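Structure file input_30.cif (mmCIF, C-alpha atoms and all ligand atoms) follows.
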data_start
loop_
_atom_site.label_atom_id
_atom_site.label_comp_id
_atom_site.auth_asym_id
_atom_site.auth_seq_id
_atom_site.Cartn_x
_atom_site.Cartn_y
_atom_site.Cartn_z
CA MET A 70 78.47 -89.71 27.99
CA ALA A 71 78.66 -85.93 28.01
CA TYR A 72 77.52 -84.15 24.86
CA GLN A 73 80.43 -83.23 22.59
CA PRO A 74 79.82 -80.32 20.19
CA GLY A 75 81.15 -80.85 16.66
CA PRO A 76 83.51 -78.49 14.80
CA SER A 77 80.68 -76.70 12.97
CA HIS A 78 78.84 -76.00 16.22
CA HIS A 79 81.21 -73.15 17.05
CA LEU A 80 79.46 -70.07 15.71
CA GLN A 81 81.37 -67.37 17.57
CA THR A 82 84.57 -68.23 15.75
CA GLY A 83 82.91 -66.70 12.72
CA TYR A 84 82.04 -63.17 13.91
CA PHE A 85 84.54 -61.99 16.50
CA ASN A 86 85.51 -58.73 14.82
CA LYS A 87 83.81 -55.99 12.82
CA THR A 88 84.99 -57.24 9.42
CA LEU A 89 83.81 -60.77 10.12
CA GLN A 90 80.47 -59.41 11.32
CA GLN A 91 80.09 -57.54 8.03
CA TRP A 92 80.86 -60.72 6.09
CA GLN A 93 78.06 -62.45 7.98
CA SER A 94 75.64 -59.63 7.12
CA SER A 95 75.82 -59.61 3.34
CA ASN A 96 73.11 -57.65 1.51
CA THR A 97 71.99 -55.91 4.68
CA SER A 98 74.04 -52.74 4.31
CA ILE A 99 72.08 -49.53 3.88
CA GLY A 100 73.21 -47.03 1.28
CA THR A 101 71.59 -43.86 0.00
CA GLU A 102 70.12 -45.79 -2.94
CA ASN A 103 68.23 -48.07 -0.54
CA LEU A 104 66.10 -45.25 0.88
CA MET A 105 63.05 -43.44 -0.50
CA LEU A 106 61.47 -40.48 1.32
CA PRO A 107 57.66 -40.00 1.38
CA ILE A 108 56.58 -36.34 1.31
CA PHE A 109 53.12 -34.88 1.98
CA VAL A 110 52.38 -31.95 -0.34
CA VAL A 111 49.42 -29.88 0.87
CA ASP A 112 47.27 -27.51 -1.19
CA SER A 113 48.26 -24.35 0.75
CA PRO A 114 51.34 -23.16 -1.18
CA ASN A 115 53.27 -21.66 1.74
CA ALA A 116 52.26 -24.09 4.48
CA VAL A 117 54.58 -26.04 6.76
CA GLU A 118 52.27 -28.05 9.01
CA THR A 119 53.07 -30.35 11.90
CA ILE A 120 51.41 -33.77 12.22
CA SER A 121 50.68 -34.53 15.87
CA THR A 122 50.95 -38.31 15.55
CA MET A 123 54.20 -38.14 13.55
CA PRO A 124 56.57 -35.84 15.47
CA GLY A 125 59.28 -34.52 13.13
CA VAL A 126 57.24 -35.04 9.93
CA TYR A 127 55.54 -32.09 8.19
CA ARG A 128 53.15 -31.34 5.36
CA TYR A 129 54.68 -28.87 2.94
CA GLY A 130 53.04 -26.47 0.52
CA VAL A 131 54.26 -26.38 -3.08
CA ASN A 132 56.50 -23.36 -2.38
CA LYS A 133 58.18 -25.04 0.60
CA VAL A 134 59.13 -28.46 -0.78
CA VAL A 135 62.35 -27.43 -2.55
CA GLU A 136 63.60 -25.62 0.55
CA PHE A 137 62.90 -28.69 2.70
CA LEU A 138 64.66 -30.97 0.21
CA GLU A 139 67.88 -28.91 -0.18
CA PRO A 140 69.78 -30.29 2.83
CA VAL A 141 68.36 -33.81 2.40
CA VAL A 142 69.48 -34.00 -1.22
CA ALA A 143 72.86 -32.61 -0.15
CA ASN A 144 73.11 -35.58 2.22
CA GLY A 145 72.55 -38.02 -0.63
CA LEU A 146 68.78 -38.40 -1.06
CA LYS A 147 68.12 -40.36 -4.26
CA SER A 148 64.35 -40.79 -4.46
CA ILE A 149 61.07 -39.44 -3.10
CA LEU A 150 57.42 -40.53 -3.03
CA LEU A 151 54.87 -37.73 -3.26
CA PHE A 152 51.50 -37.75 -1.47
CA PRO A 153 49.18 -34.86 -2.34
CA VAL A 154 46.96 -33.67 0.53
CA LEU A 155 43.72 -31.77 -0.16
CA LYS A 156 42.50 -29.49 2.60
CA ASN A 157 40.96 -26.64 0.61
CA LEU A 158 40.36 -28.05 -2.86
CA PRO A 159 37.00 -29.75 -3.42
CA LYS A 160 36.58 -33.51 -3.05
CA ASP A 161 33.86 -35.31 -5.03
CA GLU A 162 32.63 -38.81 -5.87
CA VAL A 163 35.26 -39.39 -8.57
CA GLY A 164 38.23 -37.36 -7.26
CA SER A 165 38.18 -34.78 -10.06
CA VAL A 166 41.05 -32.71 -8.68
CA ALA A 167 43.48 -35.64 -8.90
CA ASP A 168 44.42 -35.24 -12.56
CA SER A 169 43.86 -31.48 -12.75
CA SER A 170 46.51 -28.77 -12.72
CA ASP A 171 45.26 -27.82 -9.22
CA ASN A 172 46.75 -31.01 -7.75
CA PRO A 173 49.71 -29.88 -5.60
CA ALA A 174 51.71 -32.95 -6.70
CA ILE A 175 51.32 -32.00 -10.35
CA GLN A 176 52.38 -28.45 -9.49
CA VAL A 177 55.44 -29.43 -7.47
CA ILE A 178 56.98 -32.06 -9.78
CA PRO A 179 58.40 -29.56 -12.31
CA LEU A 180 59.84 -27.42 -9.48
CA ILE A 181 61.61 -30.44 -7.98
CA ARG A 182 62.90 -31.63 -11.34
CA LYS A 183 64.31 -28.22 -12.15
CA GLN A 184 66.12 -27.88 -8.82
CA PHE A 185 67.23 -31.50 -8.41
CA PRO A 186 67.57 -33.04 -11.87
CA SER A 187 69.04 -36.30 -10.60
CA LEU A 188 66.39 -36.95 -7.93
CA THR A 189 63.98 -39.78 -8.83
CA ILE A 190 60.35 -38.81 -8.26
CA ALA A 191 57.64 -41.36 -7.54
CA CYS A 192 53.99 -40.37 -7.18
CA ASP A 193 51.42 -42.23 -5.14
CA VAL A 194 48.25 -42.87 -7.13
CA CYS A 195 44.96 -43.50 -5.37
CA LEU A 196 41.50 -41.97 -5.12
CA CYS A 197 40.99 -41.83 -1.36
CA GLY A 198 42.75 -38.48 -0.92
CA TYR A 199 40.47 -36.84 -3.50
CA THR A 200 37.07 -38.48 -3.02
CA SER A 201 34.28 -37.14 -0.83
CA HIS A 202 33.73 -40.64 0.63
CA GLY A 203 37.46 -41.21 1.28
CA HIS A 204 37.56 -44.62 -0.40
CA CYS A 205 40.07 -45.82 -2.98
CA ALA A 206 37.36 -46.69 -5.53
CA ILE A 207 34.29 -45.39 -7.31
CA PHE A 208 31.09 -47.16 -6.32
CA ASN A 209 27.93 -48.35 -8.03
CA SER A 210 24.60 -47.21 -6.58
CA ASP A 211 24.34 -50.48 -4.63
CA GLY A 212 27.66 -49.78 -2.88
CA SER A 213 29.71 -52.30 -4.88
CA ILE A 214 32.97 -51.23 -6.56
CA ASN A 215 32.65 -50.03 -10.15
CA TYR A 216 35.89 -51.43 -11.55
CA GLU A 217 35.57 -49.93 -15.00
CA LYS A 218 35.19 -46.38 -13.71
CA THR A 219 37.78 -46.87 -10.95
CA LEU A 220 40.46 -48.20 -13.30
CA ALA A 221 39.73 -45.42 -15.81
CA ARG A 222 40.24 -42.78 -13.12
CA LEU A 223 43.43 -44.40 -11.79
CA THR A 224 44.80 -44.57 -15.33
CA ALA A 225 43.96 -40.92 -16.03
CA ILE A 226 45.66 -39.81 -12.80
CA SER A 227 48.74 -41.92 -13.59
CA LYS A 228 49.02 -40.39 -17.05
CA ALA A 229 48.68 -36.87 -15.61
CA PHE A 230 51.51 -37.51 -13.11
CA SER A 231 53.70 -39.01 -15.80
CA GLU A 232 53.09 -36.04 -18.08
CA ALA A 233 53.93 -33.67 -15.22
CA GLY A 234 57.33 -35.39 -15.03
CA ALA A 235 57.04 -38.19 -12.45
CA HIS A 236 59.56 -40.98 -13.09
CA ILE A 237 57.60 -43.63 -11.20
CA ILE A 238 53.85 -44.20 -10.79
CA ALA A 239 52.97 -46.00 -7.58
CA PRO A 240 49.33 -47.16 -7.37
CA SER A 241 48.34 -47.90 -3.75
CA ASP A 242 44.61 -48.55 -4.23
CA MET A 243 44.79 -52.40 -4.44
CA MET A 244 42.01 -52.61 -7.05
CA ASP A 245 42.11 -55.77 -9.15
CA ASN A 246 43.99 -55.40 -12.44
CA ARG A 247 44.89 -51.75 -12.09
CA ILE A 248 48.49 -52.52 -13.04
CA HIS A 249 47.33 -53.75 -16.44
CA ALA A 250 45.13 -50.69 -16.97
CA ILE A 251 47.75 -48.17 -15.84
CA LYS A 252 50.54 -49.87 -17.82
CA GLN A 253 48.50 -49.63 -21.00
CA GLY A 254 47.76 -45.98 -20.24
CA LEU A 255 51.42 -45.15 -19.66
CA LEU A 256 52.49 -46.96 -22.83
CA SER A 257 49.94 -44.95 -24.81
CA LEU A 258 51.51 -41.63 -23.80
CA LYS A 259 53.28 -39.70 -26.51
CA LYS A 260 56.30 -39.14 -24.36
CA GLU A 261 59.90 -40.07 -24.99
CA ALA A 262 60.99 -40.69 -21.40
CA PRO A 263 59.75 -43.98 -19.95
CA THR A 264 57.73 -44.15 -16.72
CA SER A 265 58.16 -46.97 -14.20
CA LEU A 266 55.36 -48.70 -12.39
CA LEU A 267 55.85 -49.50 -8.70
CA SER A 268 52.99 -51.66 -7.50
CA TYR A 269 51.87 -51.70 -3.89
CA SER A 270 51.45 -55.42 -4.55
CA ALA A 271 50.91 -56.67 -1.03
CA LYS A 272 49.24 -53.87 0.88
CA PHE A 273 47.61 -55.23 3.99
CA CYS A 274 44.60 -53.79 5.81
CA SER A 275 46.51 -52.47 8.81
CA ALA A 276 46.14 -50.56 12.06
CA PHE A 277 49.61 -49.13 11.38
CA TYR A 278 48.19 -46.64 8.85
CA GLY A 279 46.56 -44.62 11.65
CA PRO A 280 48.84 -41.54 11.66
CA PHE A 281 48.90 -41.40 7.82
CA ARG A 282 45.17 -40.80 7.72
CA GLU A 283 45.65 -37.73 9.89
CA ALA A 284 48.60 -36.65 7.76
CA ALA A 285 46.87 -37.12 4.41
CA GLY A 286 43.25 -36.51 5.43
CA SER A 287 42.22 -39.74 3.75
CA ALA A 288 40.15 -41.63 6.33
CA PRO A 289 37.08 -43.35 4.79
CA SER A 290 33.78 -41.71 5.75
CA PHE A 291 32.07 -45.12 6.05
CA GLY A 292 33.21 -48.72 6.44
CA ASP A 293 36.84 -49.71 6.03
CA ARG A 294 39.14 -50.91 3.25
CA SER A 295 39.06 -54.60 4.09
CA CYS A 296 37.37 -55.56 0.81
CA TYR A 297 40.34 -54.41 -1.22
CA GLN A 298 43.36 -54.33 1.10
CA LEU A 299 44.69 -57.79 2.03
CA PRO A 300 43.67 -59.59 5.25
CA CYS A 301 46.68 -59.65 7.57
CA GLY A 302 46.82 -63.43 7.85
CA SER A 303 46.89 -64.14 4.14
CA LYS A 304 50.22 -65.09 2.64
CA GLY A 305 48.44 -66.75 -0.28
CA LEU A 306 46.76 -63.55 -1.50
CA ALA A 307 50.05 -61.66 -1.23
CA ILE A 308 51.76 -64.28 -3.39
CA ARG A 309 48.96 -64.21 -5.98
CA ALA A 310 48.78 -60.41 -6.03
CA ALA A 311 52.53 -60.04 -6.62
CA ALA A 312 52.51 -62.69 -9.36
CA ARG A 313 49.59 -60.95 -11.07
CA ASP A 314 51.15 -57.48 -10.84
CA VAL A 315 54.45 -58.74 -12.26
CA SER A 316 52.64 -60.44 -15.13
CA GLN A 317 50.72 -57.21 -15.83
CA GLY A 318 53.83 -55.08 -16.16
CA ALA A 319 54.92 -53.82 -12.74
CA ASP A 320 58.61 -52.86 -12.74
CA PHE A 321 58.89 -53.06 -8.95
CA ILE A 322 56.80 -54.67 -6.21
CA MET A 323 56.13 -53.64 -2.62
CA VAL A 324 55.09 -54.99 0.75
CA LYS A 325 53.30 -52.62 3.16
CA PRO A 326 53.54 -52.30 6.18
CA GLY A 327 57.03 -53.61 6.92
CA LEU A 328 57.75 -54.84 10.42
CA ALA A 329 54.68 -57.05 10.85
CA TYR A 330 55.15 -58.56 7.35
CA LEU A 331 58.82 -59.54 7.13
CA ASP A 332 57.87 -63.09 6.15
CA ILE A 333 55.91 -61.72 3.19
CA ILE A 334 58.91 -59.68 2.02
CA SER A 335 61.07 -62.77 2.23
CA GLU A 336 58.52 -64.95 0.44
CA LEU A 337 57.90 -62.51 -2.41
CA LYS A 338 61.59 -61.75 -2.87
CA SER A 339 62.39 -65.44 -3.14
CA ARG A 340 59.60 -65.87 -5.72
CA HIS A 341 60.55 -62.76 -7.75
CA PRO A 342 64.30 -62.31 -7.25
CA GLU A 343 64.57 -60.50 -10.58
CA TYR A 344 62.30 -57.66 -9.35
CA PRO A 345 63.47 -54.94 -6.96
CA MET A 346 61.48 -55.27 -3.75
CA PHE A 347 60.22 -52.23 -1.87
CA VAL A 348 59.02 -52.14 1.71
CA TYR A 349 57.04 -49.26 3.23
CA GLN A 350 57.87 -48.52 6.85
CA VAL A 351 54.47 -46.92 7.42
CA SER A 352 53.31 -44.04 9.61
CA GLY A 353 52.42 -46.25 12.61
CA GLU A 354 55.84 -47.87 12.50
CA TYR A 355 57.38 -44.41 12.45
CA ALA A 356 55.21 -43.30 15.37
CA MET A 357 56.00 -46.40 17.43
CA LEU A 358 59.72 -45.71 17.29
CA ALA A 359 59.38 -41.93 17.61
CA PHE A 360 57.20 -42.02 20.73
CA ALA A 361 59.18 -44.85 22.33
CA ALA A 362 62.39 -42.90 21.80
CA GLN A 363 60.77 -39.71 23.13
CA ALA A 364 59.79 -41.58 26.28
CA GLY A 365 63.35 -42.82 26.73
CA ALA A 366 62.27 -46.43 26.19
CA LEU A 367 64.84 -47.11 23.49
CA ASP A 368 67.70 -45.58 21.56
CA LEU A 369 66.25 -44.38 18.27
CA ARG A 370 69.37 -44.77 16.17
CA ARG A 371 70.03 -48.31 17.31
CA ALA A 372 66.39 -49.45 17.11
CA LEU A 373 65.91 -47.87 13.69
CA THR A 374 69.14 -49.32 12.32
CA GLU A 375 68.07 -52.74 13.56
CA THR A 376 64.65 -52.34 11.93
CA LEU A 377 66.05 -51.19 8.58
CA THR A 378 68.57 -54.04 8.66
CA SER A 379 65.71 -56.50 9.21
CA PHE A 380 63.99 -55.18 6.05
CA ARG A 381 67.20 -55.69 4.07
CA ARG A 382 67.76 -59.14 5.59
CA ALA A 383 64.19 -60.14 4.63
CA GLY A 384 64.88 -59.16 1.02
CA ALA A 385 63.94 -55.50 0.58
CA ASP A 386 66.02 -53.52 -1.91
CA VAL A 387 64.40 -50.15 -1.21
CA ILE A 388 62.95 -48.95 2.10
CA ILE A 389 60.35 -46.18 1.99
CA SER A 390 60.81 -44.41 5.32
CA TYR A 391 59.92 -41.10 6.97
CA TYR A 392 63.24 -41.49 8.80
CA THR A 393 65.20 -41.14 5.56
CA PRO A 394 66.55 -37.62 6.36
CA GLN A 395 67.94 -38.77 9.73
CA VAL A 396 69.44 -41.94 8.26
CA LEU A 397 71.10 -40.00 5.44
CA GLY A 398 72.58 -37.67 8.06
CA TRP A 399 74.01 -40.65 9.94
CA LEU A 400 75.40 -42.19 6.75
CA ARG A 401 77.13 -38.92 5.98
CA GLU A 402 78.63 -38.73 9.49
CA GLU A 403 79.89 -42.29 9.14
CA ALA A 404 81.45 -41.55 5.75
CA GLU A 405 83.16 -38.47 7.21
CA GLU A 406 84.47 -40.50 10.15
CA LYS A 407 85.88 -43.09 7.77
CA SER A 408 87.58 -40.48 5.62
CA LYS A 409 89.38 -39.15 8.72
CA VAL A 410 90.91 -42.54 9.53
ZN ZN B 501 43.59 -45.15 -1.17
#

Produce structure tokens that represent the structure in this file.
Ligand SMILES: [Zn+2]
Amino acid sequence: MAYQPGPSHHLQTGYFNKTLQQWQSSNTSIGTENLMLPIFVVDSPNAVETISTMPGVYRYGVNKVVEFLEPVVANGLKSILLFPVLKNLPKDEVGSVADSSDNPAIQVIPLIRKQFPSLTIACDVCLCGYTSHGHCAIFNSDGSINYEKTLARLTAISKAFSEAGAHIIAPSDMMDNRIHAIKQGLLSLKKEAPTSLLSYSAKFCSAFYGPFREAAGSAPSFGDRSCYQLPCGSKGLAIRAAARDVSQGADFIMVKPGLAYLDIISELKSRHPEYPMFVYQVSGEYAMLAFAAQAGALDLRRALTETLTSFRRAGADVIISYYTPQVLGWLREEAEEKSKV
């Protein structure tokens, strides 16, 4: 007898027009609040520098950040993530510049707050951009990680960023128990405004960080980061790391990179539905789309929209993306189109 499909086997009856398609795509819409823009702030005050592996992304000096942000904020930008880049300032074993007033991030935060009082400012916290060895930790003489010294430095840097006016501290180093240490440090500050803690909970050791290391000048001078960043096959460590960070006081958790780790986003969101989930669409993911689009291999807007939708579908509440300015521009165009109808 020929196979007879049942009534519930007809899927296309459920998405034949735009409204029905939207009903089928709940929680995957992208609004301005779902996007966070990473910005590289370099220690040459008037610099605007191209990054060869990230066409369309620039490093800005302290005096150029506000100017760059003006049109993006006008298009609805809600939040940024600052990455200081040291090219001239000295690097040493312990990253001394990080919590000093020379740090371009510490210098730029008050300027941004003054100009854009409703913009939420997150600051990346790590040591690799400030240390002479380019690693995210301080080492003992035998080459092992000195956790006590590392956590003390990360806490001091976090406090300095908070005191400069950052709303969110985002530690990306992946050292064990840094969320506990930083949380205690932030709570000890004599400051009325609270500071949030966004943990890079599941940061995997990834080839997709390649362009970032050029952008931020943070490549390690020896070895790699595989003893503190997560091995790419390990879902178990990601689950344990997120659970630990939540228990130690993280306000938000993150998965990084995005596209190759959608299952991790989904898993962590289902385990911690009460915590906003961030995903970082990293430099290599940006470069993949940018160079493919440049070569005419795909339509950037469609491929990017599909990618961002996949992050939302997997469970991400906030997407950290270098494409944020373009996406905000598209959202504005769409809103203007709608208002004409
Ligand atoms: Zn680092």

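Here CA of Leu104 in chain A and CA of Cys301 in chain A stand 25.1 Å from one another.
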
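Where the distance criterion is 10 Å and the atoms used are only C-alpha atoms and all ligand atoms, the residues close to ligand ZN 501 (chain B) are Asp193, Val194, Cys195, Leu196, Cys197, Gly198, Tyr199, Thr200, Gly203, His204, Cys205, Ala206, Pro240, Ser241, Asp242, Met243, Met244, Ser287, Ala288, Pro289, Arg294, Tyr297 and Gln298 of chain A.
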
Just to be explicit: take each residue in the selection above, keep C-alpha atoms, and write the result as a PDB file, in the frame of the given file.
ATOM      1  CA  ASP A 193      51.420 -42.230  -5.140  1.00  0.00           C
ATOM      2  CA  VAL A 194      48.250 -42.870  -7.130  1.00  0.00           C
ATOM      3  CA  CYS A 195      44.960 -43.500  -5.370  1.00  0.00           C
ATOM      4  CA  LEU A 196      41.500 -41.970  -5.120  1.00  0.00           C
ATOM      5  CA  CYS A 197      40.990 -41.830  -1.360  1.00  0.00           C
ATOM      6  CA  GLY A 198      42.750 -38.480  -0.920  1.00  0.00           C
ATOM      7  CA  TYR A 199      40.470 -36.840  -3.500  1.00  0.00           C
ATOM      8  CA  THR A 200      37.070 -38.480  -3.020  1.00  0.00           C
ATOM      9  CA  GLY A 203      37.460 -41.210   1.280  1.00  0.00           C
ATOM     10  CA  HIS A 204      37.560 -44.620  -0.400  1.00  0.00           C
ATOM     11  CA  CYS A 205      40.070 -45.820  -2.980  1.00  0.00           C
ATOM     12  CA  ALA A 206      37.360 -46.690  -5.530  1.00  0.00           C
ATOM     13  CA  PRO A 240      49.330 -47.160  -7.370  1.00  0.00           C
ATOM     14  CA  SER A 241      48.340 -47.900  -3.750  1.00  0.00           C
ATOM     15  CA  ASP A 242      44.610 -48.550  -4.230  1.00  0.00           C
ATOM     16  CA  MET A 243      44.790 -52.400  -4.440  1.00  0.00           C
ATOM     17  CA  MET A 244      42.010 -52.610  -7.050  1.00  0.00           C
ATOM     18  CA  SER A 287      42.220 -39.740   3.750  1.00  0.00           C
ATOM     19  CA  ALA A 288      40.150 -41.630   6.330  1.00  0.00           C
ATOM     20  CA  PRO A 289      37.080 -43.350   4.790  1.00  0.00           C
ATOM     21  CA  ARG A 294      39.140 -50.910   3.250  1.00  0.00           C
ATOM     22  CA  TYR A 297      40.340 -54.410  -1.220  1.00  0.00           C
ATOM     23  CA  GLN A 298      43.360 -54.330   1.100  1.00  0.00           C
TER      24      GLN A 298
END

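In this structure, CA of Ser270 in chain A sits 26.7 Å away from CA of Asp161 in chain A.
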
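Summary of the local environment: counting all atoms listed in the file, residues at most 7 Å from Val111 in chain A, other than itself and those fewer than 4 positions away along its chain, are Arg128, Tyr129, Gly130, Pro153, Val154, Leu155 and Pro173 of chain A.
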
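The space between CA of Asn96 in chain A and CA of Gly327 in chain A spans 17.4 Å.
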
Closest of A:Ser295, A:Gln253, A:Ser201, A:Asn246 to Ala310 in chain A - atom-to-atom distances counting only C-alpha atoms
A:Asn246

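Closest approach to Asn132 in chain A among A:Thr82, A:Ser170, A:Leu151, A:Ile178 is made by A:Ile178 (distances from all atoms listed in the file).
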
Starting from the point (63.5, -45.0, 6.7), work out which residues of protein, DNA or RNA have an atom no more than 10 Å away when counting only C-alpha atoms; state them as number ranges by chain.
A: 103-107, 348-351, 355, 373-374, 376-377, 387-397

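Minimum atom-to-atom distances from A:Ala250, A:Ala285, A:Leu306, A:Val315 to Met123 in chain A were compared using all atoms listed in the file, and the lowest value belongs to A:Ala285.
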
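You can rank A:Asn157, A:Ile333, A:His249, A:Ala364 by their closest distance to Ser316 in chain A using only C-alpha atoms, and at the top of that list sits A:His249.
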
Quick one: residues within 12 Å of (56.9, -33.7, -14.7) (file frame), counting all atoms listed in the file, please, as a VMD selection string.
chain A and resid 170 174 to 183 186 189 to 192 227 to 238 260 262 to 264
